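Source file query-v2.txt; content: compact mmCIF, C-alpha atoms and all ligand atoms.
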# COMPACT_ATOMS: atom_id res chain seq x y z
CA MET A 1 -34.29 -10.64 -30.50
CA SER A 2 -35.18 -13.96 -32.13
CA GLN A 3 -32.09 -15.77 -30.86
CA TYR A 4 -33.26 -15.10 -27.30
CA ASN A 5 -36.66 -16.58 -27.98
CA PHE A 6 -36.10 -19.75 -25.93
CA ILE A 7 -39.79 -20.46 -25.63
CA SER A 8 -40.18 -21.39 -29.28
CA SER A 9 -36.78 -23.05 -29.51
CA ARG A 10 -35.98 -26.49 -28.12
CA PHE A 11 -32.32 -25.62 -27.35
CA PRO A 12 -30.44 -22.63 -26.07
CA GLN A 13 -29.11 -20.78 -29.12
CA HIS A 14 -25.99 -19.91 -27.17
CA ARG A 15 -23.98 -22.09 -24.82
CA PRO A 16 -21.35 -19.95 -23.05
CA ARG A 17 -20.71 -22.93 -20.76
CA ARG A 18 -18.86 -24.70 -23.60
CA LEU A 19 -15.78 -22.59 -22.96
CA ARG A 20 -16.04 -23.14 -19.22
CA LYS A 21 -16.19 -26.92 -19.48
CA ASP A 22 -12.49 -27.78 -19.42
CA ASP A 23 -9.50 -26.33 -17.69
CA PHE A 24 -7.59 -25.75 -20.96
CA SER A 25 -10.28 -23.55 -22.45
CA ARG A 26 -10.96 -21.77 -19.18
CA ARG A 27 -7.26 -20.86 -19.18
CA LEU A 28 -7.34 -19.75 -22.81
CA ILE A 29 -10.24 -17.36 -22.38
CA ARG A 30 -9.08 -15.94 -19.03
CA GLU A 31 -9.09 -12.14 -19.30
CA ASN A 32 -7.03 -11.23 -16.24
CA ASN A 33 -4.17 -12.98 -14.54
CA LEU A 34 -2.51 -12.45 -11.24
CA THR A 35 1.27 -12.83 -11.34
CA VAL A 36 4.09 -12.33 -8.88
CA ASP A 37 4.98 -9.14 -10.81
CA ASP A 38 1.80 -7.55 -9.44
CA LEU A 39 2.81 -7.77 -5.79
CA ILE A 40 4.31 -5.37 -3.27
CA TYR A 41 4.95 -6.73 0.23
CA PRO A 42 4.47 -4.33 3.17
CA CYS A 43 6.67 -5.03 6.24
CA PHE A 44 6.82 -3.62 9.77
CA VAL A 45 10.33 -2.92 11.06
CA LEU A 46 11.46 -3.05 14.70
CA GLU A 47 14.52 -1.70 16.46
CA GLY A 48 17.08 -4.08 17.95
CA HIS A 49 18.45 -7.45 17.00
CA ASN A 50 16.69 -10.78 16.64
CA GLN A 51 13.34 -9.19 17.49
CA ARG A 52 10.13 -10.72 16.21
CA GLN A 53 6.65 -9.72 17.37
CA SER A 54 3.32 -10.85 16.07
CA VAL A 55 0.57 -8.32 15.41
CA ALA A 56 -2.53 -9.36 17.36
CA SER A 57 -5.08 -8.04 14.88
CA MET A 58 -3.18 -9.37 11.83
CA PRO A 59 -2.53 -13.09 12.42
CA GLY A 60 0.49 -14.23 10.36
CA VAL A 61 1.99 -10.73 10.14
CA GLU A 62 5.08 -9.96 12.21
CA ARG A 63 7.17 -6.94 13.09
CA LEU A 64 10.85 -7.78 12.50
CA SER A 65 14.19 -6.26 13.45
CA ILE A 66 16.49 -5.46 10.50
CA ASP A 67 18.56 -8.68 10.77
CA LEU A 68 15.36 -10.76 10.49
CA LEU A 69 13.94 -8.42 7.86
CA LEU A 70 16.96 -9.29 5.70
CA LYS A 71 16.10 -13.00 5.98
CA GLU A 72 12.52 -12.17 5.03
CA ALA A 73 13.80 -10.11 2.08
CA GLU A 74 15.85 -13.05 0.86
CA LEU A 75 12.69 -15.14 0.69
CA VAL A 76 10.63 -12.33 -0.86
CA HIS A 77 13.33 -11.77 -3.49
CA SER A 78 13.70 -15.47 -4.27
CA LEU A 79 9.93 -15.71 -4.77
CA GLY A 80 10.23 -12.99 -7.43
CA ILE A 81 8.22 -10.30 -5.61
CA PRO A 82 9.47 -7.02 -7.15
CA MET A 83 9.27 -4.72 -4.13
CA MET A 84 8.92 -4.41 -0.36
CA ALA A 85 7.30 -1.43 1.40
CA LEU A 86 8.73 -0.51 4.82
CA PHE A 87 6.85 0.75 7.87
CA PRO A 88 8.97 1.49 10.93
CA VAL A 89 7.70 0.96 14.47
CA THR A 90 8.99 3.96 16.43
CA PRO A 91 9.53 3.61 20.20
CA SER A 92 7.48 6.23 22.08
CA GLU A 93 10.57 7.99 23.47
CA LYS A 94 11.56 8.87 19.88
CA LYS A 95 8.21 10.47 19.06
CA SER A 96 7.89 14.24 19.34
CA LEU A 97 5.69 17.17 18.33
CA ASP A 98 8.10 18.12 15.53
CA ALA A 99 8.50 14.50 14.28
CA ALA A 100 12.27 15.01 13.95
CA GLU A 101 12.89 11.25 14.00
CA ALA A 102 11.18 11.07 10.59
CA PHE A 103 14.23 12.52 8.86
CA ASN A 104 16.98 11.13 11.10
CA PRO A 105 19.57 9.74 8.66
CA ASP A 106 20.11 6.90 11.14
CA GLY A 107 16.41 6.33 11.81
CA LEU A 108 14.97 2.86 11.57
CA ALA A 109 13.48 3.24 8.06
CA GLN A 110 16.71 4.78 6.73
CA GLN A 111 18.82 1.99 8.28
CA ALA A 112 16.51 -0.70 6.94
CA VAL A 113 16.68 0.78 3.43
CA ARG A 114 20.49 0.86 3.51
CA ALA A 115 20.71 -2.75 4.76
CA LEU A 116 18.24 -4.03 2.15
CA LYS A 117 19.87 -2.21 -0.76
CA ARG A 118 23.30 -3.45 0.34
CA GLU A 119 22.19 -7.10 0.52
CA PHE A 120 19.61 -7.19 -2.28
CA PRO A 121 20.34 -4.38 -4.72
CA GLU A 122 17.81 -5.70 -7.24
CA LEU A 123 14.89 -5.88 -4.83
CA GLY A 124 12.82 -2.68 -4.98
CA VAL A 125 12.46 -0.82 -1.69
CA MET A 126 9.66 1.63 -1.06
CA THR A 127 9.25 3.88 1.97
CA ASP A 128 6.28 5.60 3.56
CA VAL A 129 6.46 9.39 3.69
CA ALA A 130 4.17 10.61 6.48
CA LEU A 131 4.71 11.72 10.06
CA ASP A 132 2.26 9.52 11.99
CA PRO A 133 4.82 6.99 13.32
CA PHE A 134 6.91 9.91 14.65
CA THR A 135 4.41 12.33 16.21
CA THR A 136 3.33 11.96 19.85
CA HIS A 137 -0.28 12.54 18.76
CA GLY A 138 -0.27 10.03 15.88
CA GLN A 139 -1.47 12.46 13.21
CA ASP A 140 0.32 12.45 9.82
CA GLY A 141 1.44 16.06 10.17
CA LEU A 142 2.35 18.83 12.60
CA ILE A 143 -0.52 20.36 14.56
CA ASP A 144 -1.37 23.89 15.72
CA ASP A 145 -2.74 24.66 19.18
CA GLN A 146 -6.27 23.85 18.00
CA GLY A 147 -5.09 20.37 16.97
CA TYR A 148 -5.48 21.23 13.27
CA ILE A 149 -2.92 19.55 10.98
CA ILE A 150 -0.99 22.40 9.41
CA ASN A 151 -0.28 21.83 5.74
CA ASP A 152 2.74 23.79 4.55
CA GLU A 153 4.82 23.32 7.70
CA THR A 154 4.14 19.57 7.44
CA VAL A 155 5.19 19.52 3.79
CA ALA A 156 8.53 21.08 4.78
CA VAL A 157 9.15 18.12 7.12
CA LEU A 158 7.96 15.59 4.52
CA ILE A 159 10.56 16.95 2.10
CA LYS A 160 13.31 16.27 4.64
CA GLN A 161 11.93 12.80 5.32
CA ALA A 162 11.71 11.90 1.61
CA LEU A 163 15.24 13.19 0.99
CA SER A 164 16.59 11.12 3.89
CA HIS A 165 14.96 8.03 2.37
CA ALA A 166 16.38 8.81 -1.08
CA GLN A 167 19.82 9.38 0.45
CA ALA A 168 19.59 5.96 2.13
CA GLY A 169 18.85 4.43 -1.29
CA ALA A 170 15.06 4.07 -1.40
CA ASP A 171 13.88 3.29 -4.94
CA VAL A 172 10.37 4.59 -4.39
CA VAL A 173 9.13 7.16 -1.89
CA ALA A 174 5.42 7.01 -1.18
CA PRO A 175 3.80 10.04 0.45
CA SER A 176 0.79 8.68 2.35
CA ASP A 177 -0.01 11.85 4.30
CA MET A 178 -2.57 13.60 2.00
CA MET A 179 -1.18 17.12 2.56
CA ASP A 180 -1.80 19.54 -0.34
CA GLY A 181 1.13 20.14 -2.67
CA ARG A 182 3.42 17.50 -1.18
CA ILE A 183 4.06 15.61 -4.40
CA GLY A 184 5.29 18.72 -6.20
CA ALA A 185 7.38 19.75 -3.22
CA VAL A 186 8.99 16.32 -2.83
CA ARG A 187 9.61 16.02 -6.58
CA ASN A 188 11.23 19.41 -6.69
CA ALA A 189 13.48 18.65 -3.71
CA LEU A 190 14.53 15.29 -5.19
CA GLU A 191 15.41 16.92 -8.52
CA MET A 192 17.34 19.72 -6.83
CA GLN A 193 19.40 17.20 -4.85
CA GLY A 194 20.12 15.09 -7.93
CA PHE A 195 17.83 12.18 -7.06
CA ILE A 196 16.43 12.05 -10.57
CA HIS A 197 15.78 8.30 -10.45
CA THR A 198 13.81 8.18 -7.21
CA ARG A 199 10.27 7.29 -8.11
CA ILE A 200 7.23 8.73 -6.37
CA MET A 201 4.22 6.55 -5.71
CA ALA A 202 1.54 8.94 -4.51
CA TYR A 203 -1.14 7.78 -2.12
CA SER A 204 -3.44 9.99 -4.18
CA ALA A 205 -6.91 8.76 -3.32
CA LYS A 206 -6.44 7.86 0.30
CA TYR A 207 -9.66 7.67 2.26
CA ALA A 208 -10.30 8.36 5.95
CA SER A 209 -11.03 4.70 6.47
CA SER A 210 -11.76 2.53 9.48
CA PHE A 211 -10.03 -0.30 7.63
CA TYR A 212 -6.61 0.99 8.83
CA GLY A 213 -7.22 -0.04 12.44
CA PRO A 214 -4.90 -3.08 12.54
CA PHE A 215 -2.08 -1.09 10.85
CA ARG A 216 -2.21 1.52 13.59
CA ASP A 217 -2.00 -1.36 16.06
CA ALA A 218 1.02 -2.76 14.14
CA VAL A 219 3.02 0.49 14.12
CA GLY A 220 1.80 1.59 17.54
CA SER A 221 0.12 4.81 16.44
CA ALA A 222 -3.39 3.72 17.42
CA GLY A 223 -3.78 4.51 21.09
CA ASN A 224 -2.61 8.08 20.87
CA LEU A 225 -4.46 9.49 17.84
CA ALA A 226 -5.31 13.03 18.92
CA GLY A 227 -8.69 14.16 17.66
CA GLY A 228 -9.59 10.53 17.02
CA ASN A 229 -9.74 10.80 13.22
CA LYS A 230 -7.98 12.05 10.08
CA PHE A 231 -11.02 13.65 8.43
CA SER A 232 -9.34 17.03 7.78
CA TYR A 233 -6.85 15.53 5.31
CA GLN A 234 -7.82 12.00 4.26
CA MET A 235 -10.79 11.73 1.89
CA ASP A 236 -14.47 11.26 2.68
CA PRO A 237 -15.54 7.68 1.80
CA ALA A 238 -18.61 9.19 0.13
CA ASN A 239 -16.63 10.82 -2.72
CA THR A 240 -15.29 9.66 -6.08
CA ASP A 241 -15.02 12.80 -8.26
CA GLU A 242 -12.76 14.23 -5.57
CA ALA A 243 -10.49 11.20 -5.95
CA LEU A 244 -10.05 11.96 -9.65
CA HIS A 245 -9.19 15.54 -8.77
CA GLU A 246 -6.56 14.41 -6.23
CA VAL A 247 -5.04 11.99 -8.76
CA ALA A 248 -4.94 14.69 -11.46
CA LEU A 249 -3.07 17.03 -9.10
CA ASP A 250 -0.55 14.37 -8.08
CA ILE A 251 0.17 13.49 -11.72
CA GLN A 252 0.55 17.16 -12.58
CA GLU A 253 2.90 17.61 -9.62
CA GLY A 254 5.15 14.77 -10.77
CA ALA A 255 3.93 11.43 -9.40
CA ASP A 256 5.23 8.44 -11.40
CA MET A 257 2.60 6.13 -9.94
CA VAL A 258 -0.68 6.74 -8.19
CA MET A 259 -2.55 4.72 -5.60
CA VAL A 260 -6.05 4.10 -4.35
CA LYS A 261 -6.47 3.03 -0.74
CA PRO A 262 -8.17 0.99 0.74
CA GLY A 263 -8.76 -1.61 -1.97
CA MET A 264 -11.82 -3.82 -2.10
CA PRO A 265 -14.37 -1.28 -0.79
CA TYR A 266 -13.05 1.26 -3.37
CA LEU A 267 -12.93 -0.79 -6.60
CA ASP A 268 -15.11 1.81 -8.34
CA VAL A 269 -12.54 4.49 -7.57
CA LEU A 270 -9.69 2.27 -8.81
CA TYR A 271 -11.58 1.60 -12.03
CA ARG A 272 -12.28 5.28 -12.68
CA VAL A 273 -8.70 6.33 -11.90
CA LYS A 274 -7.20 3.80 -14.32
CA GLN A 275 -9.79 4.54 -17.03
CA THR A 276 -9.38 8.29 -16.73
CA PHE A 277 -5.62 8.69 -16.52
CA GLY A 278 -4.07 5.44 -17.78
CA LYS A 279 -1.16 5.96 -15.39
CA PRO A 280 0.57 3.14 -13.50
CA THR A 281 -2.10 2.64 -10.84
CA PHE A 282 -1.70 0.78 -7.59
CA VAL A 283 -4.07 -0.33 -4.90
CA TYR A 284 -3.48 -1.07 -1.23
CA GLN A 285 -5.30 -4.06 0.24
CA VAL A 286 -5.05 -2.58 3.71
CA SER A 287 -4.65 -4.09 7.14
CA GLY A 288 -8.39 -4.27 7.87
CA GLU A 289 -9.05 -6.12 4.62
CA TYR A 290 -6.29 -8.57 5.53
CA ALA A 291 -7.71 -8.97 9.04
CA MET A 292 -11.24 -9.68 7.75
CA LEU A 293 -10.17 -12.30 5.23
CA LYS A 294 -7.66 -13.90 7.58
CA ALA A 295 -10.11 -14.10 10.49
CA ALA A 296 -12.71 -15.81 8.32
CA ILE A 297 -10.12 -18.22 6.90
CA LEU A 298 -8.77 -19.09 10.37
CA ASN A 299 -12.31 -19.70 11.58
CA GLY A 300 -13.00 -22.01 8.67
CA TRP A 301 -15.78 -19.70 7.47
CA LEU A 302 -14.05 -18.99 4.15
CA THR A 303 -11.43 -20.96 2.26
CA GLU A 304 -8.10 -19.40 1.35
CA GLU A 305 -9.15 -19.16 -2.31
CA VAL A 306 -10.75 -15.85 -1.32
CA ILE A 307 -7.26 -14.35 -1.25
CA THR A 308 -6.53 -14.73 -4.97
CA GLU A 309 -10.14 -13.87 -5.76
CA SER A 310 -9.79 -10.59 -3.86
CA LEU A 311 -6.57 -9.77 -5.73
CA LEU A 312 -8.04 -10.66 -9.12
CA ALA A 313 -10.80 -8.14 -8.42
CA PHE A 314 -8.09 -5.45 -8.35
CA LYS A 315 -6.68 -6.67 -11.67
CA ARG A 316 -10.14 -6.57 -13.22
CA ALA A 317 -10.65 -3.02 -11.99
CA GLY A 318 -7.38 -1.98 -13.63
CA ALA A 319 -4.64 -2.18 -10.99
CA ASP A 320 -1.07 -2.49 -12.25
CA GLY A 321 0.13 -3.58 -8.84
CA ILE A 322 -1.15 -4.43 -5.38
CA LEU A 323 0.21 -3.83 -1.91
CA THR A 324 -0.91 -6.82 0.11
CA TYR A 325 0.10 -8.53 3.35
CA PHE A 326 -0.74 -11.77 1.51
CA ALA A 327 2.07 -11.18 -1.06
CA LYS A 328 4.37 -13.93 0.20
CA ASP A 329 1.57 -16.53 0.49
CA VAL A 330 0.27 -15.67 -2.96
CA ALA A 331 3.73 -15.78 -4.54
CA GLU A 332 4.32 -19.20 -3.00
CA LYS A 333 0.99 -20.42 -4.31
CA LEU A 334 1.64 -19.03 -7.81
CA LYS A 335 5.05 -20.72 -7.84
CA SER A 336 3.67 -24.13 -6.92
CA SER A 337 0.93 -23.89 -9.55
CA VAL A 338 3.26 -23.52 -12.59
C1 LIG A 401 0.45 6.16 7.38
C2 LIG A 401 -0.15 4.98 6.73
C3 LIG A 401 -1.31 4.28 7.10
C4 LIG A 401 -1.38 3.17 6.28
C5 LIG A 401 -0.30 3.23 5.40
N1 LIG A 401 0.45 4.36 5.69
C6 LIG A 401 -2.27 4.50 8.21
C7 LIG A 401 -3.08 5.72 8.24
O1 LIG A 401 -3.11 6.54 7.33
O2 LIG A 401 -3.72 5.90 9.27
C8 LIG A 401 -2.44 2.10 6.36
C9 LIG A 401 -2.06 0.76 5.84
C10 LIG A 401 -2.93 -0.36 6.28
O3 LIG A 401 -3.97 -0.19 6.96
O4 LIG A 401 -2.57 -1.49 5.95
N2 LIG A 401 0.15 7.39 6.88

Turn this file's structure into structure tokens for me.
Amino acid sequence: MSQYNFISSRFPQHRPRRLRKDDFSRRLIRENNLTVDDLIYPCFVLEGHNQRQSVASMPGVERLSIDLLLKEAELVHSLGIPMMALFPVTPSEKKSLDAAEAFNPDGLAQQAVRALKREFPELGVMTDVALDPFTTHGQDGLIDDQGYIINDETVAVLIKQALSHAQAGADVVAPSDMMDGRIGAVRNALEMQGFIHTRIMAYSAKYASSFYGPFRDAVGSAGNLAGGNKFSYQMDPANTDEALHEVALDIQEGADMVMVKPGMPYLDVLYRVKQTFGKPTFVYQVSGEYAMLKAAILNGWLTEEVITESLLAFKRAGADGILTYFAKDVAEKLKSSV
């Protein structure tokens, strides 16, 4: 203990500030770095041509028709971002109780995948596997007459949806629905159809979070959410052991990559998942996190440095990659700083 006995000593025995004094040594001792290779850019896709709509609760985020999405992809690709994640905005007349539009080979997501892979074969394309954009009630699965989301019948539809994405050329399918057994079922179907290279990123620890509000606004599934919540399938924000259990099942069922969602309020979960399994682990900085940071930045209450700080927190906690609506801005900033 003697080295900590500052009372009897005239000087601090240790001066950790030495290494923080200059930029060169701060850079040398930096433990975690954020690079463009860490980023996945989520995009909202609209029907039609030359369509561009802003999302009220997500300033700076736009829904784009496929022709404009291709222009966006060109920029994303040139910035070096490895992958885009697609979220289709389904017009209400195409929503139904059986969510049949989800596996329409000419649906919006399927068309967008084909167009992107044709124009930018090297840019990774990931799709969302869940029924909420396609059901009239906005739940991620089919419902019974009590309004309960029925598991196995939903999984049967998810299989068709995932196969239609793989057929269109999706590199990664990402089940975000939280039904039991869906990773194994999707993996099995992909193998049986010869899609041995299609990767699965499982939304494994997906919480029933209020941070998804702006996303539901963006894809138009907010107003009609029957039952008002997703508590019977998404996880309770109070739990962490359960998250490890969900991740273990998804890995056992064949997930290549696992995900924790939301991000910043669940850093403890991210840390435990990476420490426990050592699998490629991703985190989703969701719409509500984007909205909070963006609102404060636009109001001048925070500076935009909070963006990279928030993403570095994910790297510290063990994330291999991050889905973030800030991906383009961050990639541009990283490019100008080299
Ligand atoms: C759909 C899905 C959601 C998000 C991604 N996929 C919404 C939800 O589960 O209600 C949320 C993404 C975000 O908030 O940015 N299953």

Environment of ligand LIG 401 (chain A) within 9 Å, counting all atoms listed in the file, reported as a PyMOL selection string: chain A and resi 42+87+128-133+138-140+174-178+203+206-216+219+221-222+229-230+234+261-262+284-290+323-325

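Each of A:Glu119, A:Asp250, A:Glu153, A:Glu101 was checked against Gly181 (chain A) using only C-alpha atoms; the smallest atom-to-atom distance is that of A:Asp250.
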
Residues near Ile81 (chain A), cut-off 6 Å, only C-alpha atoms, skip fewer than 2 positions along chain, as JSON, numbers by chain: {"A": [36, 39, 76, 77, 79, 83]}

Between CA of Glu72 (chain A) and CA of Arg118 (chain A) - distance in Å to one decimal: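 Distance reported for this atom pair: 14.6 Å.
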
Can you pull out every residue within 10 Å of region 43-51 of chain A, counting all atoms listed in the file, but drop anything in the same chain fewer than 6 positions away, and send it as an mmCIF file with C-alpha atoms, in the frame of the given file?
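In the end it all went to selection26.cif:
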data_model
loop_
_atom_site.group_PDB
_atom_site.id
_atom_site.type_symbol
_atom_site.label_atom_id
_atom_site.label_comp_id
_atom_site.auth_asym_id
_atom_site.auth_seq_id
_atom_site.Cartn_x
_atom_site.Cartn_y
_atom_site.Cartn_z
ATOM 1 C CA VAL A 61 1.990 -10.730 10.140
ATOM 2 C CA GLU A 62 5.080 -9.960 12.210
ATOM 3 C CA ARG A 63 7.170 -6.940 13.090
ATOM 4 C CA LEU A 64 10.850 -7.780 12.500
ATOM 5 C CA SER A 65 14.190 -6.260 13.450
ATOM 6 C CA ILE A 66 16.490 -5.460 10.500
ATOM 7 C CA ASP A 67 18.560 -8.680 10.770
ATOM 8 C CA LEU A 68 15.360 -10.760 10.490
ATOM 9 C CA LEU A 69 13.940 -8.420 7.860
ATOM 10 C CA GLU A 72 12.520 -12.170 5.030
ATOM 11 C CA ALA A 73 13.800 -10.110 2.080
ATOM 12 C CA MET A 84 8.920 -4.410 -0.360
ATOM 13 C CA ALA A 85 7.300 -1.430 1.400
ATOM 14 C CA LEU A 86 8.730 -0.510 4.820
ATOM 15 C CA PHE A 87 6.850 0.750 7.870
ATOM 16 C CA PRO A 88 8.970 1.490 10.930
ATOM 17 C CA VAL A 89 7.700 0.960 14.470
ATOM 18 C CA THR A 90 8.990 3.960 16.430
ATOM 19 C CA PRO A 91 9.530 3.610 20.200
ATOM 20 C CA GLY A 107 16.410 6.330 11.810
ATOM 21 C CA LEU A 108 14.970 2.860 11.570
ATOM 22 C CA ALA A 109 13.480 3.240 8.060
ATOM 23 C CA GLN A 111 18.820 1.990 8.280
ATOM 24 C CA ALA A 112 16.510 -0.700 6.940
ATOM 25 C CA PHE A 215 -2.080 -1.090 10.850
ATOM 26 C CA ALA A 218 1.020 -2.760 14.140
ATOM 27 C CA VAL A 219 3.020 0.490 14.120
ATOM 28 C CA THR A 324 -0.910 -6.820 0.110
ATOM 29 C CA TYR A 325 0.100 -8.530 3.350
#

Please return region 233-259 of chain A, rebuilt to N, CA and C atoms, as a PDB file, in the frame of the given file.
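Saved to selection11.pdb:
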ATOM      1  N   TYR A 233      -7.773  15.678   6.463  1.00  0.00           N
ATOM      2  CA  TYR A 233      -6.850  15.530   5.310  1.00  0.00           C
ATOM      3  C   TYR A 233      -7.122  14.290   4.475  1.00  0.00           C
ATOM      4  N   GLN A 234      -7.482  13.155   5.081  1.00  0.00           N
ATOM      5  CA  GLN A 234      -7.820  12.000   4.260  1.00  0.00           C
ATOM      6  C   GLN A 234      -9.233  12.188   3.695  1.00  0.00           C
ATOM      7  N   MET A 235      -9.537  11.463   2.607  1.00  0.00           N
ATOM      8  CA  MET A 235     -10.790  11.730   1.890  1.00  0.00           C
ATOM      9  C   MET A 235     -12.029  11.095   2.506  1.00  0.00           C
ATOM     10  N   ASP A 236     -13.154  11.735   2.252  1.00  0.00           N
ATOM     11  CA  ASP A 236     -14.470  11.260   2.680  1.00  0.00           C
ATOM     12  C   ASP A 236     -14.850  10.021   1.864  1.00  0.00           C
ATOM     13  N   PRO A 237     -15.156   8.903   2.534  1.00  0.00           N
ATOM     14  CA  PRO A 237     -15.540   7.680   1.800  1.00  0.00           C
ATOM     15  C   PRO A 237     -16.738   7.864   0.864  1.00  0.00           C
ATOM     16  N   ALA A 238     -17.445   8.965   0.989  1.00  0.00           N
ATOM     17  CA  ALA A 238     -18.610   9.190   0.130  1.00  0.00           C
ATOM     18  C   ALA A 238     -18.244   9.712  -1.257  1.00  0.00           C
ATOM     19  N   ASN A 239     -16.972  10.080  -1.490  1.00  0.00           N
ATOM     20  CA  ASN A 239     -16.630  10.820  -2.720  1.00  0.00           C
ATOM     21  C   ASN A 239     -15.837   9.996  -3.733  1.00  0.00           C
ATOM     22  N   THR A 240     -16.144  10.227  -5.025  1.00  0.00           N
ATOM     23  CA  THR A 240     -15.290   9.660  -6.080  1.00  0.00           C
ATOM     24  C   THR A 240     -14.747  10.727  -7.032  1.00  0.00           C
ATOM     25  N   ASP A 241     -15.537  11.736  -7.388  1.00  0.00           N
ATOM     26  CA  ASP A 241     -15.020  12.800  -8.260  1.00  0.00           C
ATOM     27  C   ASP A 241     -13.793  13.452  -7.609  1.00  0.00           C
ATOM     28  N   GLU A 242     -13.866  13.619  -6.297  1.00  0.00           N
ATOM     29  CA  GLU A 242     -12.760  14.230  -5.570  1.00  0.00           C
ATOM     30  C   GLU A 242     -11.479  13.394  -5.702  1.00  0.00           C
ATOM     31  N   ALA A 243     -11.649  12.081  -5.784  1.00  0.00           N
ATOM     32  CA  ALA A 243     -10.490  11.200  -5.950  1.00  0.00           C
ATOM     33  C   ALA A 243      -9.803  11.479  -7.284  1.00  0.00           C
ATOM     34  N   LEU A 244     -10.615  11.679  -8.332  1.00  0.00           N
ATOM     35  CA  LEU A 244     -10.050  11.960  -9.650  1.00  0.00           C
ATOM     36  C   LEU A 244      -9.301  13.294  -9.619  1.00  0.00           C
ATOM     37  N   HIS A 245      -9.842  14.231  -8.895  1.00  0.00           N
ATOM     38  CA  HIS A 245      -9.190  15.540  -8.770  1.00  0.00           C
ATOM     39  C   HIS A 245      -7.837  15.392  -8.054  1.00  0.00           C
ATOM     40  N   GLU A 246      -7.806  14.631  -6.975  1.00  0.00           N
ATOM     41  CA  GLU A 246      -6.560  14.410  -6.230  1.00  0.00           C
ATOM     42  C   GLU A 246      -5.509  13.718  -7.120  1.00  0.00           C
ATOM     43  N   VAL A 247      -5.965  12.722  -7.879  1.00  0.00           N
ATOM     44  CA  VAL A 247      -5.040  11.990  -8.760  1.00  0.00           C
ATOM     45  C   VAL A 247      -4.490  12.936  -9.829  1.00  0.00           C
ATOM     46  N   ALA A 248      -5.374  13.749 -10.410  1.00  0.00           N
ATOM     47  CA  ALA A 248      -4.940  14.690 -11.460  1.00  0.00           C
ATOM     48  C   ALA A 248      -3.857  15.621 -10.904  1.00  0.00           C
ATOM     49  N   LEU A 249      -4.060  16.120  -9.698  1.00  0.00           N
ATOM     50  CA  LEU A 249      -3.070  17.030  -9.100  1.00  0.00           C
ATOM     51  C   LEU A 249      -1.736  16.314  -8.892  1.00  0.00           C
ATOM     52  N   ASP A 250      -1.797  15.090  -8.366  1.00  0.00           N
ATOM     53  CA  ASP A 250      -0.550  14.370  -8.080  1.00  0.00           C
ATOM     54  C   ASP A 250       0.221  14.066  -9.373  1.00  0.00           C
ATOM     55  N   ILE A 251      -0.499  13.745 -10.441  1.00  0.00           N
ATOM     56  CA  ILE A 251       0.170  13.490 -11.720  1.00  0.00           C
ATOM     57  C   ILE A 251       0.814  14.781 -12.230  1.00  0.00           C
ATOM     58  N   GLN A 252       0.033  15.859 -12.143  1.00  0.00           N
ATOM     59  CA  GLN A 252       0.550  17.160 -12.580  1.00  0.00           C
ATOM     60  C   GLN A 252       1.772  17.575 -11.769  1.00  0.00           C
ATOM     61  N   GLU A 253       1.784  17.230 -10.492  1.00  0.00           N
ATOM     62  CA  GLU A 253       2.900  17.610  -9.620  1.00  0.00           C
ATOM     63  C   GLU A 253       4.105  16.680  -9.759  1.00  0.00           C
ATOM     64  N   GLY A 254       3.964  15.588 -10.515  1.00  0.00           N
ATOM     65  CA  GLY A 254       5.150  14.770 -10.770  1.00  0.00           C
ATOM     66  C   GLY A 254       5.143  13.359 -10.233  1.00  0.00           C
ATOM     67  N   ALA A 255       3.973  12.825  -9.862  1.00  0.00           N
ATOM     68  CA  ALA A 255       3.930  11.430  -9.400  1.00  0.00           C
ATOM     69  C   ALA A 255       4.190  10.489 -10.583  1.00  0.00           C
ATOM     70  N   ASP A 256       5.000   9.455 -10.369  1.00  0.00           N
ATOM     71  CA  ASP A 256       5.230   8.440 -11.400  1.00  0.00           C
ATOM     72  C   ASP A 256       4.120   7.394 -11.376  1.00  0.00           C
ATOM     73  N   MET A 257       3.621   7.165 -10.161  1.00  0.00           N
ATOM     74  CA  MET A 257       2.600   6.130  -9.940  1.00  0.00           C
ATOM     75  C   MET A 257       1.591   6.687  -8.959  1.00  0.00           C
ATOM     76  N   VAL A 258       0.349   6.267  -9.120  1.00  0.00           N
ATOM     77  CA  VAL A 258      -0.680   6.740  -8.190  1.00  0.00           C
ATOM     78  C   VAL A 258      -1.329   5.533  -7.492  1.00  0.00           C
ATOM     79  N   MET A 259      -1.985   5.820  -6.389  1.00  0.00           N
ATOM     80  CA  MET A 259      -2.550   4.720  -5.600  1.00  0.00           C
ATOM     81  C   MET A 259      -3.946   5.057  -5.101  1.00  0.00           C
TER      82      MET A 259
END
